[in-house]
>>> print(open('final-v9.cif').read())   # mmCIF, C-alpha atoms
data_coords
loop_
_atom_site.label_atom_id
_atom_site.label_comp_id
_atom_site.auth_asym_id
_atom_site.auth_seq_id
_atom_site.Cartn_x
_atom_site.Cartn_y
_atom_site.Cartn_z
CA MET A 235 23.90 -31.34 17.94
CA GLY A 236 20.80 -29.55 19.21
CA ASN A 237 21.57 -26.43 17.21
CA TYR A 238 22.23 -28.44 14.07
CA ALA A 239 18.99 -30.37 14.56
CA GLY A 240 17.06 -27.08 14.66
CA ASP A 241 18.80 -25.84 11.52
CA ILE A 242 17.97 -29.11 9.76
CA VAL A 243 14.28 -28.81 10.70
CA ILE A 244 14.15 -25.24 9.36
CA CYS A 245 15.81 -26.33 6.11
CA LEU A 246 13.29 -29.16 5.78
CA ILE A 247 10.43 -26.67 6.21
CA VAL A 248 11.91 -24.53 3.42
CA LEU A 249 12.41 -27.61 1.23
CA PHE A 250 8.82 -28.62 1.87
CA SER A 251 7.62 -25.19 0.75
CA LEU A 252 9.60 -25.49 -2.50
CA CYS A 253 8.06 -28.91 -3.16
CA PHE A 254 4.66 -27.47 -2.33
CA LEU A 255 5.25 -24.68 -4.85
CA TYR A 256 6.15 -27.17 -7.59
CA GLY A 257 3.22 -29.45 -6.79
CA THR A 258 0.57 -26.74 -6.68
CA THR A 259 1.94 -25.17 -9.87
CA HIS A 260 1.60 -28.48 -11.68
CA ILE A 261 -1.94 -29.03 -10.38
CA ILE A 262 -3.10 -25.52 -11.28
CA THR A 263 -1.67 -25.60 -14.80
CA SER A 264 -3.22 -29.01 -15.44
CA PHE A 265 -6.73 -27.77 -14.54
CA VAL A 266 -6.98 -24.11 -15.54
CA GLY A 267 -4.04 -23.66 -17.89
CA SER A 268 -1.16 -21.30 -17.39
CA GLY A 269 0.04 -17.81 -18.26
CA GLU A 270 -2.18 -16.15 -20.84
CA ASN A 271 -4.93 -18.80 -20.48
CA ILE A 272 -5.57 -17.68 -16.89
CA LEU A 273 -5.41 -13.98 -17.75
CA SER A 274 -7.67 -14.33 -20.82
CA SER A 275 -10.56 -15.98 -19.01
CA LYS A 276 -13.72 -13.95 -19.64
CA THR A 277 -16.14 -15.66 -17.25
CA TYR A 278 -17.94 -13.23 -14.97
CA TYR A 279 -16.48 -14.56 -11.73
CA SER A 280 -13.03 -15.40 -13.12
CA TRP A 281 -11.60 -12.82 -10.69
CA ILE A 282 -12.36 -15.25 -7.85
CA VAL A 283 -10.11 -17.86 -9.47
CA ARG A 284 -7.35 -15.29 -9.97
CA PHE A 285 -7.76 -14.05 -6.40
CA LEU A 286 -7.44 -17.59 -5.02
CA LEU A 287 -4.40 -18.22 -7.21
CA ASN A 288 -2.75 -15.03 -5.96
CA PHE A 289 -3.59 -15.91 -2.37
CA LEU A 290 -2.15 -19.40 -2.86
CA GLY A 291 1.03 -17.92 -4.32
CA TYR A 292 1.45 -15.56 -1.37
CA SER A 293 0.71 -18.40 1.06
CA THR A 294 3.59 -20.37 -0.43
CA VAL A 295 5.85 -17.73 1.13
CA LEU A 296 3.86 -16.87 4.25
CA LEU A 297 2.92 -20.39 5.36
CA PRO A 298 6.54 -21.68 5.66
CA GLY A 299 7.38 -18.46 7.49
CA TYR A 300 4.53 -19.06 9.92
CA LEU A 301 5.60 -22.70 10.44
CA ILE A 302 9.20 -21.63 11.12
CA TYR A 303 7.94 -18.97 13.56
CA LYS A 304 5.88 -21.54 15.48
CA TYR A 305 8.78 -23.99 15.49
CA VAL A 306 11.37 -21.54 16.86
CA ARG A 307 8.92 -20.46 19.58
CA ILE A 308 7.95 -23.97 20.68
CA SER A 309 11.43 -25.52 20.44
CA GLN A 310 13.19 -22.52 22.03
CA TYR A 311 15.50 -22.43 19.05
CA LEU A 312 16.29 -18.77 19.65
CA GLN A 313 17.53 -19.44 23.20
CA ARG A 314 20.02 -22.11 22.11
CA ARG A 315 20.88 -20.82 18.66
CA GLY A 316 24.40 -21.01 17.31
CA LYS A 317 26.47 -18.42 15.48
CA GLY A 318 25.78 -19.60 11.94
CA CYS A 319 24.19 -17.55 9.14
CA LEU A 320 20.86 -19.38 9.42
CA SER A 321 20.48 -18.71 13.14
CA LYS A 322 21.36 -15.03 12.63
CA LEU A 323 18.78 -14.78 9.85
CA VAL A 324 16.08 -16.42 11.99
CA HIS A 325 16.92 -14.08 14.88
CA SER A 326 16.64 -11.01 12.62
CA CYS A 327 13.33 -12.21 11.19
CA PHE A 328 11.56 -13.02 14.46
CA VAL A 329 13.33 -11.02 17.18
CA GLY A 330 15.21 -8.12 15.60
CA SER A 331 17.90 -6.20 17.43
CA GLY A 332 15.67 -4.79 20.19
CA ASP A 333 13.24 -6.06 22.80
CA GLN A 334 10.41 -3.61 22.13
CA GLY A 335 7.18 -5.21 20.92
CA LEU A 336 4.79 -3.78 18.39
CA LEU A 337 1.76 -2.07 19.92
CA ASP A 338 2.92 -2.93 23.46
CA SER A 339 5.03 0.13 24.15
CA SER A 340 3.76 2.79 26.51
CA LEU A 341 6.61 5.11 25.53
CA PRO A 342 6.52 5.63 21.74
CA LEU A 343 9.48 7.23 20.08
CA ILE A 344 8.86 10.91 19.38
CA GLY A 345 10.97 13.01 17.06
CA PRO A 346 11.99 16.61 17.64
CA SER A 347 9.12 19.11 17.75
CA ARG A 348 8.57 21.43 14.79
CA THR A 349 6.96 24.82 14.51
CA PHE A 350 3.65 25.37 12.75
CA TYR A 351 5.51 27.04 9.86
CA GLN A 352 7.82 24.02 9.44
CA ASP A 353 4.88 21.61 9.62
CA THR A 354 3.05 23.62 6.96
CA LEU A 355 6.02 23.61 4.56
CA ILE A 356 6.59 19.86 4.99
CA LEU A 357 2.86 19.20 4.55
CA ILE A 358 2.77 21.23 1.31
CA HIS A 359 5.88 19.45 0.05
CA CYS A 360 4.32 16.03 0.76
CA PHE A 361 1.04 17.06 -0.83
CA LEU A 362 2.64 18.32 -4.06
CA GLY A 363 4.94 15.31 -4.27
CA LEU A 364 2.03 12.89 -3.89
CA GLN A 365 -0.08 14.76 -6.45
CA VAL A 366 2.59 14.86 -9.16
CA SER A 367 3.72 11.26 -8.60
CA TYR A 368 0.30 9.63 -8.49
CA LEU A 369 -1.44 11.74 -11.10
CA THR A 370 1.29 10.74 -13.57
CA TRP A 371 1.24 7.15 -12.31
CA GLY A 372 -2.53 6.98 -12.77
CA TYR A 373 -2.27 8.23 -16.34
CA LEU A 374 0.41 5.63 -17.17
CA GLN A 375 -1.57 2.89 -15.42
CA GLU A 376 -4.64 3.57 -17.54
CA LYS A 377 -2.50 3.81 -20.66
CA ILE A 378 -0.82 0.43 -20.08
CA MET A 379 -4.03 -1.41 -19.19
CA THR A 380 -6.19 0.01 -22.01
CA GLN A 381 -4.09 0.80 -25.09
CA GLU A 382 -2.92 -1.57 -27.81
CA TYR A 383 0.82 -2.02 -28.30
CA GLU A 384 2.26 -2.62 -31.76
CA ASP A 385 5.42 -4.60 -32.58
CA SER A 386 7.82 -4.14 -35.51
CA ASN A 387 5.65 -6.36 -37.75
CA GLY A 388 2.47 -4.38 -37.12
CA ASN A 389 0.92 -6.96 -34.77
CA LYS A 390 -1.09 -5.50 -31.89
CA GLY A 391 -1.66 -6.77 -28.38
CA HIS A 392 -3.14 -5.81 -24.99
CA PHE A 393 -1.23 -6.27 -21.74
CA LYS A 394 -3.33 -8.19 -19.21
CA ASP A 395 -1.26 -9.03 -16.15
CA SER A 396 -1.63 -6.25 -13.55
CA GLN A 397 0.32 -8.28 -10.98
CA PHE A 398 3.44 -8.01 -13.16
CA LEU A 399 3.15 -4.23 -12.98
CA VAL A 400 3.00 -4.44 -9.18
CA PHE A 401 6.12 -6.64 -9.29
CA ILE A 402 8.28 -4.36 -11.45
CA ASN A 403 7.20 -1.30 -9.45
CA ARG A 404 8.37 -3.00 -6.26
CA VAL A 405 11.68 -4.11 -7.83
CA LEU A 406 12.68 -0.54 -8.68
CA ALA A 407 11.53 0.63 -5.24
CA VAL A 408 13.83 -1.93 -3.59
CA VAL A 409 16.80 -0.83 -5.71
CA ILE A 410 16.33 2.89 -5.01
CA SER A 411 15.64 2.46 -1.29
CA ALA A 412 18.66 0.12 -0.94
CA VAL A 413 20.91 2.74 -2.57
CA CYS A 414 19.52 5.38 -0.19
CA LEU A 415 20.24 3.11 2.78
CA LEU A 416 23.86 2.83 1.66
CA LEU A 417 24.31 6.56 1.09
CA ILE A 418 22.24 8.07 3.92
CA ARG A 419 22.82 7.31 7.58
CA GLN A 420 19.78 5.67 9.17
CA PRO A 421 18.65 5.08 12.77
CA SER A 422 19.30 1.69 14.36
CA HIS A 423 16.91 -0.92 12.97
CA THR A 424 15.19 -2.90 15.74
CA ILE A 425 12.07 -4.32 14.08
CA PRO A 426 11.73 -8.09 13.57
CA LEU A 427 11.56 -8.45 9.81
CA TYR A 428 8.38 -10.53 9.84
CA LYS A 429 6.45 -7.46 11.05
CA TYR A 430 6.78 -6.03 7.53
CA ALA A 431 5.14 -9.08 5.96
CA PHE A 432 1.68 -8.06 7.21
CA CYS A 433 1.54 -4.66 5.51
CA SER A 434 3.36 -6.03 2.45
CA PHE A 435 0.75 -8.76 2.01
CA SER A 436 -2.16 -6.32 2.43
CA ASN A 437 -0.46 -3.83 0.09
CA VAL A 438 0.05 -6.17 -2.87
CA LEU A 439 -3.41 -7.69 -2.47
CA SER A 440 -5.09 -4.28 -2.23
CA SER A 441 -3.21 -3.14 -5.36
CA TRP A 442 -4.49 -6.19 -7.23
CA CYS A 443 -8.07 -5.56 -6.05
CA GLN A 444 -7.82 -1.95 -7.23
CA TYR A 445 -6.71 -3.00 -10.72
CA GLU A 446 -9.28 -5.79 -10.92
CA ALA A 447 -12.19 -3.65 -9.74
CA LEU A 448 -11.93 -1.45 -12.85
CA LYS A 449 -13.10 -4.44 -14.91
CA TYR A 450 -16.43 -4.49 -13.06
CA VAL A 451 -17.23 -0.94 -11.92
CA SER A 452 -17.17 2.49 -13.50
CA PHE A 453 -14.28 4.87 -12.86
CA PRO A 454 -16.46 7.34 -10.84
CA THR A 455 -17.62 4.47 -8.62
CA GLN A 456 -14.05 3.56 -7.75
CA VAL A 457 -13.17 7.20 -7.11
CA LEU A 458 -16.20 7.56 -4.84
CA ALA A 459 -15.06 4.54 -2.84
CA LYS A 460 -11.58 6.03 -2.43
CA ALA A 461 -13.08 9.36 -1.43
CA SER A 462 -14.89 7.68 1.46
CA LYS A 463 -11.79 5.81 2.66
CA ILE A 464 -11.01 8.21 5.52
CA ILE A 465 -13.66 6.66 7.77
CA PRO A 466 -12.51 3.02 7.19
CA VAL A 467 -8.93 4.13 7.90
CA MET A 468 -9.96 5.66 11.24
CA ILE A 469 -11.91 2.52 12.14
CA MET A 470 -8.92 0.33 11.23
CA GLY A 471 -6.70 2.63 13.29
CA LYS A 472 -8.78 1.87 16.39
CA ILE A 473 -8.58 -1.86 15.65
CA VAL A 474 -4.86 -2.10 14.77
CA SER A 475 -3.25 0.34 17.19
CA ARG A 476 -6.16 1.45 19.40
CA SER A 477 -5.81 5.00 18.16
CA LYS A 478 -7.93 7.66 19.83
CA TYR A 479 -9.42 10.40 17.69
CA GLU A 480 -10.82 13.76 18.70
CA TYR A 481 -14.40 14.70 17.90
CA TYR A 482 -13.29 17.20 15.26
CA GLU A 483 -11.43 14.42 13.42
CA TYR A 484 -14.64 12.41 13.04
CA VAL A 485 -16.58 15.51 11.96
CA THR A 486 -14.00 16.54 9.34
CA ALA A 487 -13.73 12.96 8.04
CA VAL A 488 -17.48 12.85 7.42
CA LEU A 489 -17.45 16.33 5.85
CA ILE A 490 -14.60 15.41 3.49
CA SER A 491 -16.38 12.22 2.42
CA ILE A 492 -19.66 14.07 1.82
CA GLY A 493 -17.92 16.88 -0.06
CA MET A 494 -16.01 14.47 -2.31
CA MET A 495 -19.19 12.55 -3.14
CA MET A 496 -21.00 15.79 -4.02
CA PHE A 497 -18.09 16.83 -6.23
CA MET A 498 -17.93 13.47 -8.02
CA PHE A 499 -21.67 13.39 -8.67
CA GLY A 500 -21.56 16.99 -9.83
CA SER A 501 -18.64 16.60 -12.25
CA THR A 502 -19.15 13.27 -14.02
CA ASP A 503 -21.68 11.95 -16.48
CA HIS A 504 -22.82 8.80 -14.71
CA GLU A 505 -25.26 7.69 -17.37
CA ASN A 506 -22.50 6.54 -19.70
CA ASP A 507 -20.16 4.94 -17.16
CA GLY A 508 -21.64 1.47 -17.06
CA ALA A 509 -23.39 -0.34 -14.24
CA THR A 510 -21.82 -1.14 -10.92
CA THR A 511 -21.67 -4.90 -10.37
CA PHE A 512 -21.67 -7.06 -7.28
CA SER A 513 -18.16 -8.30 -8.06
CA GLY A 514 -16.92 -4.73 -8.29
CA ILE A 515 -18.45 -3.85 -4.92
CA VAL A 516 -16.77 -6.86 -3.30
CA LEU A 517 -13.40 -5.95 -4.83
CA LEU A 518 -13.71 -2.31 -3.78
CA GLY A 519 -14.65 -3.37 -0.25
CA ALA A 520 -11.60 -5.64 -0.12
CA TYR A 521 -9.39 -2.87 -1.49
CA MET A 522 -10.57 -0.31 1.09
CA THR A 523 -10.18 -2.76 3.99
CA LEU A 524 -6.71 -3.96 2.97
CA ASP A 525 -5.44 -0.47 2.13
CA SER A 526 -6.71 0.92 5.44
CA PHE A 527 -4.89 -1.85 7.29
CA THR A 528 -1.67 -1.17 5.34
CA SER A 529 -1.41 2.52 6.23
CA ASN A 530 -2.34 1.97 9.88
CA TRP A 531 0.10 -0.93 10.35
CA GLN A 532 2.90 1.16 8.82
CA ASN A 533 1.93 4.05 11.09
CA ALA A 534 2.15 1.72 14.10
CA LEU A 535 5.66 0.63 13.07
CA PHE A 536 6.75 4.24 12.66
CA THR A 537 5.35 5.18 16.07
CA ASP A 538 6.54 2.22 18.12
CA TYR A 539 9.95 1.57 16.59
CA GLY A 540 11.11 4.90 15.16
CA VAL A 541 11.97 3.27 11.84
CA SER A 542 12.88 5.64 8.99
CA SER A 543 10.75 5.94 5.86
CA ILE A 544 13.61 4.54 3.70
CA GLN A 545 13.99 1.48 5.95
CA MET A 546 10.25 0.91 5.83
CA MET A 547 10.15 1.27 2.06
CA CYS A 548 13.03 -1.14 1.46
CA ALA A 549 11.76 -3.87 3.81
CA VAL A 550 8.12 -3.73 2.68
CA ASN A 551 9.07 -3.84 -0.98
CA ILE A 552 11.46 -6.77 -0.51
CA PHE A 553 8.57 -8.77 0.89
CA SER A 554 6.30 -7.51 -1.89
CA CYS A 555 8.80 -8.63 -4.54
CA LEU A 556 9.03 -12.05 -2.92
CA LEU A 557 5.25 -12.45 -2.75
CA THR A 558 4.47 -11.27 -6.28
CA ALA A 559 7.40 -13.13 -7.89
CA THR A 560 6.30 -16.39 -6.24
CA SER A 561 2.72 -15.89 -7.39
CA LEU A 562 3.81 -15.05 -10.96
CA LEU A 563 6.00 -18.15 -11.11
CA GLN A 564 3.30 -20.36 -9.66
CA GLN A 565 0.74 -19.18 -12.23
CA SER A 566 3.33 -19.41 -15.05
CA SER A 567 2.38 -15.87 -16.04
CA LEU A 568 5.86 -14.38 -15.56
CA MET A 569 7.03 -15.78 -18.90
CA TYR A 570 3.95 -14.34 -20.61
CA SER A 571 4.79 -10.87 -19.29
CA LEU A 572 8.48 -11.15 -20.16
CA THR A 573 7.57 -12.28 -23.68
CA PHE A 574 5.28 -9.26 -24.00
CA VAL A 575 8.16 -7.02 -22.88
CA THR A 576 10.49 -8.38 -25.58
CA THR A 577 7.79 -8.25 -28.27
CA TYR A 578 6.58 -4.67 -27.74
CA PRO A 579 9.46 -2.19 -27.12
CA HIS A 580 7.13 0.74 -26.33
CA PHE A 581 5.78 -1.25 -23.40
CA VAL A 582 9.26 -1.25 -21.86
CA VAL A 583 9.34 2.56 -21.85
CA ASP A 584 5.94 2.75 -20.16
CA CYS A 585 7.00 0.16 -17.57
CA ILE A 586 10.12 2.16 -16.69
CA LEU A 587 8.14 5.39 -16.36
CA ILE A 588 5.36 3.89 -14.24
CA SER A 589 7.95 2.25 -11.98
CA ILE A 590 9.76 5.57 -11.49
CA PHE A 591 6.61 7.47 -10.53
CA SER A 592 5.38 4.58 -8.38
CA THR A 593 8.68 4.62 -6.50
CA THR A 594 8.70 8.39 -5.94
CA GLY A 595 5.08 8.10 -4.82
CA GLN A 596 6.06 5.43 -2.28
CA LEU A 597 8.82 7.67 -0.94
CA TYR A 598 6.26 10.40 -0.31
CA ILE A 599 3.78 7.90 1.17
CA PHE A 600 6.18 6.60 3.80
CA TYR A 601 7.53 10.09 4.52
CA THR A 602 4.00 11.48 4.96
CA ILE A 603 2.82 8.65 7.22
CA SER A 604 5.97 8.86 9.36
CA ASN A 605 5.52 12.62 9.87
CA PHE A 606 1.74 13.12 9.96
CA GLY A 607 0.10 9.70 10.39
CA ALA A 608 -2.21 7.50 8.32
CA VAL A 609 -5.32 9.72 8.45
CA THR A 610 -3.51 12.83 7.13
CA PHE A 611 -2.06 10.75 4.31
CA ILE A 612 -5.52 9.45 3.37
CA ILE A 613 -6.87 13.01 3.36
CA MET A 614 -4.16 14.00 0.88
CA MET A 615 -4.96 11.02 -1.33
CA THR A 616 -8.68 11.81 -1.08
CA VAL A 617 -8.08 15.36 -2.25
CA ARG A 618 -5.95 13.89 -5.05
CA GLN A 619 -8.97 11.98 -6.35
CA GLY A 620 -10.96 15.19 -6.61
CA PHE A 621 -8.02 16.99 -8.18
CA ALA A 622 -7.72 14.24 -10.82
CA ILE A 623 -11.38 14.61 -11.75
CA LEU A 624 -11.10 18.43 -11.72
CA LEU A 625 -8.07 18.25 -14.03
CA SER A 626 -9.99 15.95 -16.35
CA CYS A 627 -12.90 18.38 -16.40
CA LEU A 628 -10.61 21.30 -17.28
CA ILE A 629 -8.77 19.39 -20.02
CA TYR A 630 -11.80 17.76 -21.62
CA HIS A 631 -14.26 20.60 -20.87
CA HIS A 632 -16.64 18.55 -18.74
CA TYR A 633 -19.39 20.50 -17.03
CA ILE A 634 -19.27 20.90 -13.22
CA THR A 635 -22.65 21.51 -11.60
CA PRO A 636 -23.19 23.86 -8.62
CA LEU A 637 -23.42 20.71 -6.48
CA GLY A 638 -19.87 19.78 -7.50
CA ILE A 639 -18.55 23.27 -6.75
CA PHE A 640 -20.25 23.22 -3.34
CA GLY A 641 -18.62 19.83 -2.68
CA ILE A 642 -15.16 21.30 -3.40
CA ILE A 643 -15.82 24.14 -0.93
CA ILE A 644 -16.88 21.66 1.79
CA VAL A 645 -13.73 19.54 1.27
CA PHE A 646 -11.32 22.46 1.57
CA LEU A 647 -13.19 23.96 4.53
CA ALA A 648 -13.03 20.58 6.28
CA VAL A 649 -9.29 20.25 5.58
CA PHE A 650 -8.55 23.74 6.93
CA LEU A 651 -10.83 23.10 9.92
CA ARG A 652 -8.89 19.93 10.69
CA ILE A 653 -5.53 21.77 10.48
CA TYR A 654 -6.82 24.61 12.69
CA CYS A 655 -8.28 22.28 15.34
CA ASN A 656 -5.16 20.12 15.33
CA ASN A 657 -2.84 23.06 15.95
CA ARG A 658 -5.26 24.58 18.48
CA LEU A 659 -5.23 21.31 20.43
CA LYS A 660 -1.41 21.18 20.33
CA ALA A 661 -1.22 24.75 21.68
CA ILE A 662 -3.62 23.92 24.55
CA LYS A 663 -1.63 20.80 25.50
CA LYS A 664 1.62 22.78 25.38
CA ARG A 665 0.22 25.50 27.69
CA ARG A 666 -1.05 22.87 30.12
CA ALA A 667 2.36 21.14 30.14
CA GLU A 668 4.10 24.47 30.79
CA ALA A 669 1.63 25.31 33.57
CA ILE A 670 2.24 21.94 35.24
CA GLY A 671 6.01 22.46 34.93
CA ILE A 672 5.80 25.90 36.57
CA LYS A 673 3.55 24.57 39.34
CA ASN A 674 5.95 21.72 40.13
CA LYS A 675 9.00 24.00 40.37
CA PRO A 676 10.23 24.45 43.96
#
>>> encode(input="final-v9.cif", output="structure tokens")
Amino acid sequence: MGNYAGDIVICLIVLFSLCFLYGTTHIITSFVGSGENILSSKTYYSWIVRFLLNFLGYSTVLLPGYLIYKYVRISQYLQRRGKGCLSKLVHSCFVGSGDQGLLDSSLPLIGPSRTFYQDTLILIHCFLGLQVSYLTWGYLQEKIMTQEYEDSNGNKGHFKDSQFLVFINRVLAVVISAVCLLLIRQPSHTIPLYKYAFCSFSNVLSSWCQYEALKYVSFPTQVLAKASKIIPVMIMGKIVSRSKYEYYEYVTAVLISIGMMMFMFGSTDHENDGATTFSGIVLLGAYMTLDSFTSNWQNALFTDYGVSSIQMMCAVNIFSCLLTATSLLQQSSLMYSLTFVTTYPHFVVDCILISIFSTTGQLYIFYTISNFGAVTFIIMMTVRQGFAILLSCLIYHHYITPLGIFGIIIVFLAVFLRIYCNNRLKAIKKRRAEAIGIKNKP
């Protein structure tokens, strides 16, 4: 009876969350409207309302999960669990198939060593894959959020719900990663599933902040913020996983940030970009913090559990789909987006394309982080920002000042300096290890 009592309590917690979802949805729609009414609000601080609504939607999923977690810990449900489906699901969510704990391991899993030539080829492959995927994705993102779509009757409309784009991108990512899991043999999965919820939550919220910030700040301002993200990522790395960085890593991070800022200021006409607002600064700060946490938490999972990039992608995106779908339903904006899809056929094509490039970009993200770590990934994405602006300058014949050219030189010198120092340090450690091995031989 004890096992059944625990199962009943867990079911009641889930039932309570469903009732909570219905109740909050009714309250929200009665006060602020639903669907397009929420998205069409033009008040200056309307983003705060949308942020709180998104957070409430995500909490509808995360809060019951937290309550179940506390219950199974306090009641010792896991020690006296039965063999039913519910108990197996709870065990997978909160224990996993191994006993190793995140960030507590003194013996991280290390893959086979590669030569400098192999590392270089993989790094170039990751870099090119990220550039192609996210440059195309950025173009489609701007197209969807700014252009007018026309239906068969000549009526025009703007798409307003950026959270729906996040949702459909994650749906395709789940499908593709699930197919890969079925076709490609993967290492044993030992991570408790709830570990993925942290980086999934920060990922969807940071994506929303990135979209929303463009309503309040100029494009160069957002790019400048992204260009300076290496330092926040390193700080978050020390907080999340107590990472230790060499002096040259700090120096190159500062040089890359300075070089990117010089390039941005030297290649963009800032006088016509609009003023930076306080709301935009807050949103950019939230985006940088959340995105830094996401990459470092994923890096910690890769290091401590040896999870594959496909497993990581599938699990994170399942949680992301659950979070965004719940929020869309709670705000009654899912029907608005689906109606827009059926009304404007060209929008469907753009949605499919942006989902494809978002998914391929995610594959390269997880593969890059698993092989080279969060900081290297951020460096690649930082260079991508400069490459996007450089491409724009070449296509639209914008003028690049000597300051901008000097900034490009600093960035590439810093990147090559980082690669050289990293490989130099590896060679020194290898020689020391070999010397110790020879000394210890009888």
>>> closest_residue(input="final-v9.cif", among="A:Gln545, A:Leu587, A:Thr294, A:Cys655", to="Val413 (chain A)", atoms="all atoms listed in the file")
A:Gln545
>>> residues_near_point(input="final-v9.cif", point="(13.9, 3.2, -6.9)", cutoff="8 Å", atoms="all atoms listed in the file", output="list in words")
Val405, Leu406, Ala407, Val408, Val409, Ile410, Ser411, Ser589, Ile590, Thr593 and Thr594 of chain A
>>> atom_distance(input="final-v9.cif", atom1="CA of Arg665 (chain A)", atom2="CA of Glu480 (chain A)")
18.5 Å
>>> closest_residue(input="final-v9.cif", among="A:Ser440, A:Thr370, A:Asn656, A:Ser554", to="Phe350 (chain A)", atoms="all atoms listed in the file")
A:Asn656
>>> closest_residue(input="final-v9.cif", among="A:Phe328, A:Tyr368, A:Phe265, A:Phe553", to="Gly595 (chain A)", atoms="all atoms listed in the file")
A:Tyr368
>>> resolve_selection(input="final-v9.cif", expression="the PyMOL selection byres ((chain A and resi 557) around 10)", output="list of chain:residue names")
A:Asn288, A:Phe289, A:Gly291, A:Tyr292, A:Ser293, A:Thr294, A:Val295, A:Leu296, A:Phe401, A:Ala431, A:Ser434, A:Phe435, A:Val438, A:Leu439, A:Asn551, A:Ile552, A:Phe553, A:Ser554, A:Cys555, A:Leu556, A:Thr558, A:Ala559, A:Thr560, A:Ser561, A:Leu562
>>> write_last_selection(input="final-v9.cif", atoms="C-alpha atoms", output="compact mmCIF listing (two decimals), keeping the file's coordinate frame")
# COMPACT_ATOMS: atom_id res chain seq x y z
CA ASN A 288 -2.75 -15.03 -5.96
CA PHE A 289 -3.59 -15.91 -2.37
CA GLY A 291 1.03 -17.92 -4.32
CA TYR A 292 1.45 -15.56 -1.37
CA SER A 293 0.71 -18.40 1.06
CA THR A 294 3.59 -20.37 -0.43
CA VAL A 295 5.85 -17.73 1.13
CA LEU A 296 3.86 -16.87 4.25
CA PHE A 401 6.12 -6.64 -9.29
CA ALA A 431 5.14 -9.08 5.96
CA SER A 434 3.36 -6.03 2.45
CA PHE A 435 0.75 -8.76 2.01
CA VAL A 438 0.05 -6.17 -2.87
CA LEU A 439 -3.41 -7.69 -2.47
CA ASN A 551 9.07 -3.84 -0.98
CA ILE A 552 11.46 -6.77 -0.51
CA PHE A 553 8.57 -8.77 0.89
CA SER A 554 6.30 -7.51 -1.89
CA CYS A 555 8.80 -8.63 -4.54
CA LEU A 556 9.03 -12.05 -2.92
CA THR A 558 4.47 -11.27 -6.28
CA ALA A 559 7.40 -13.13 -7.89
CA THR A 560 6.30 -16.39 -6.24
CA SER A 561 2.72 -15.89 -7.39
CA LEU A 562 3.81 -15.05 -10.96
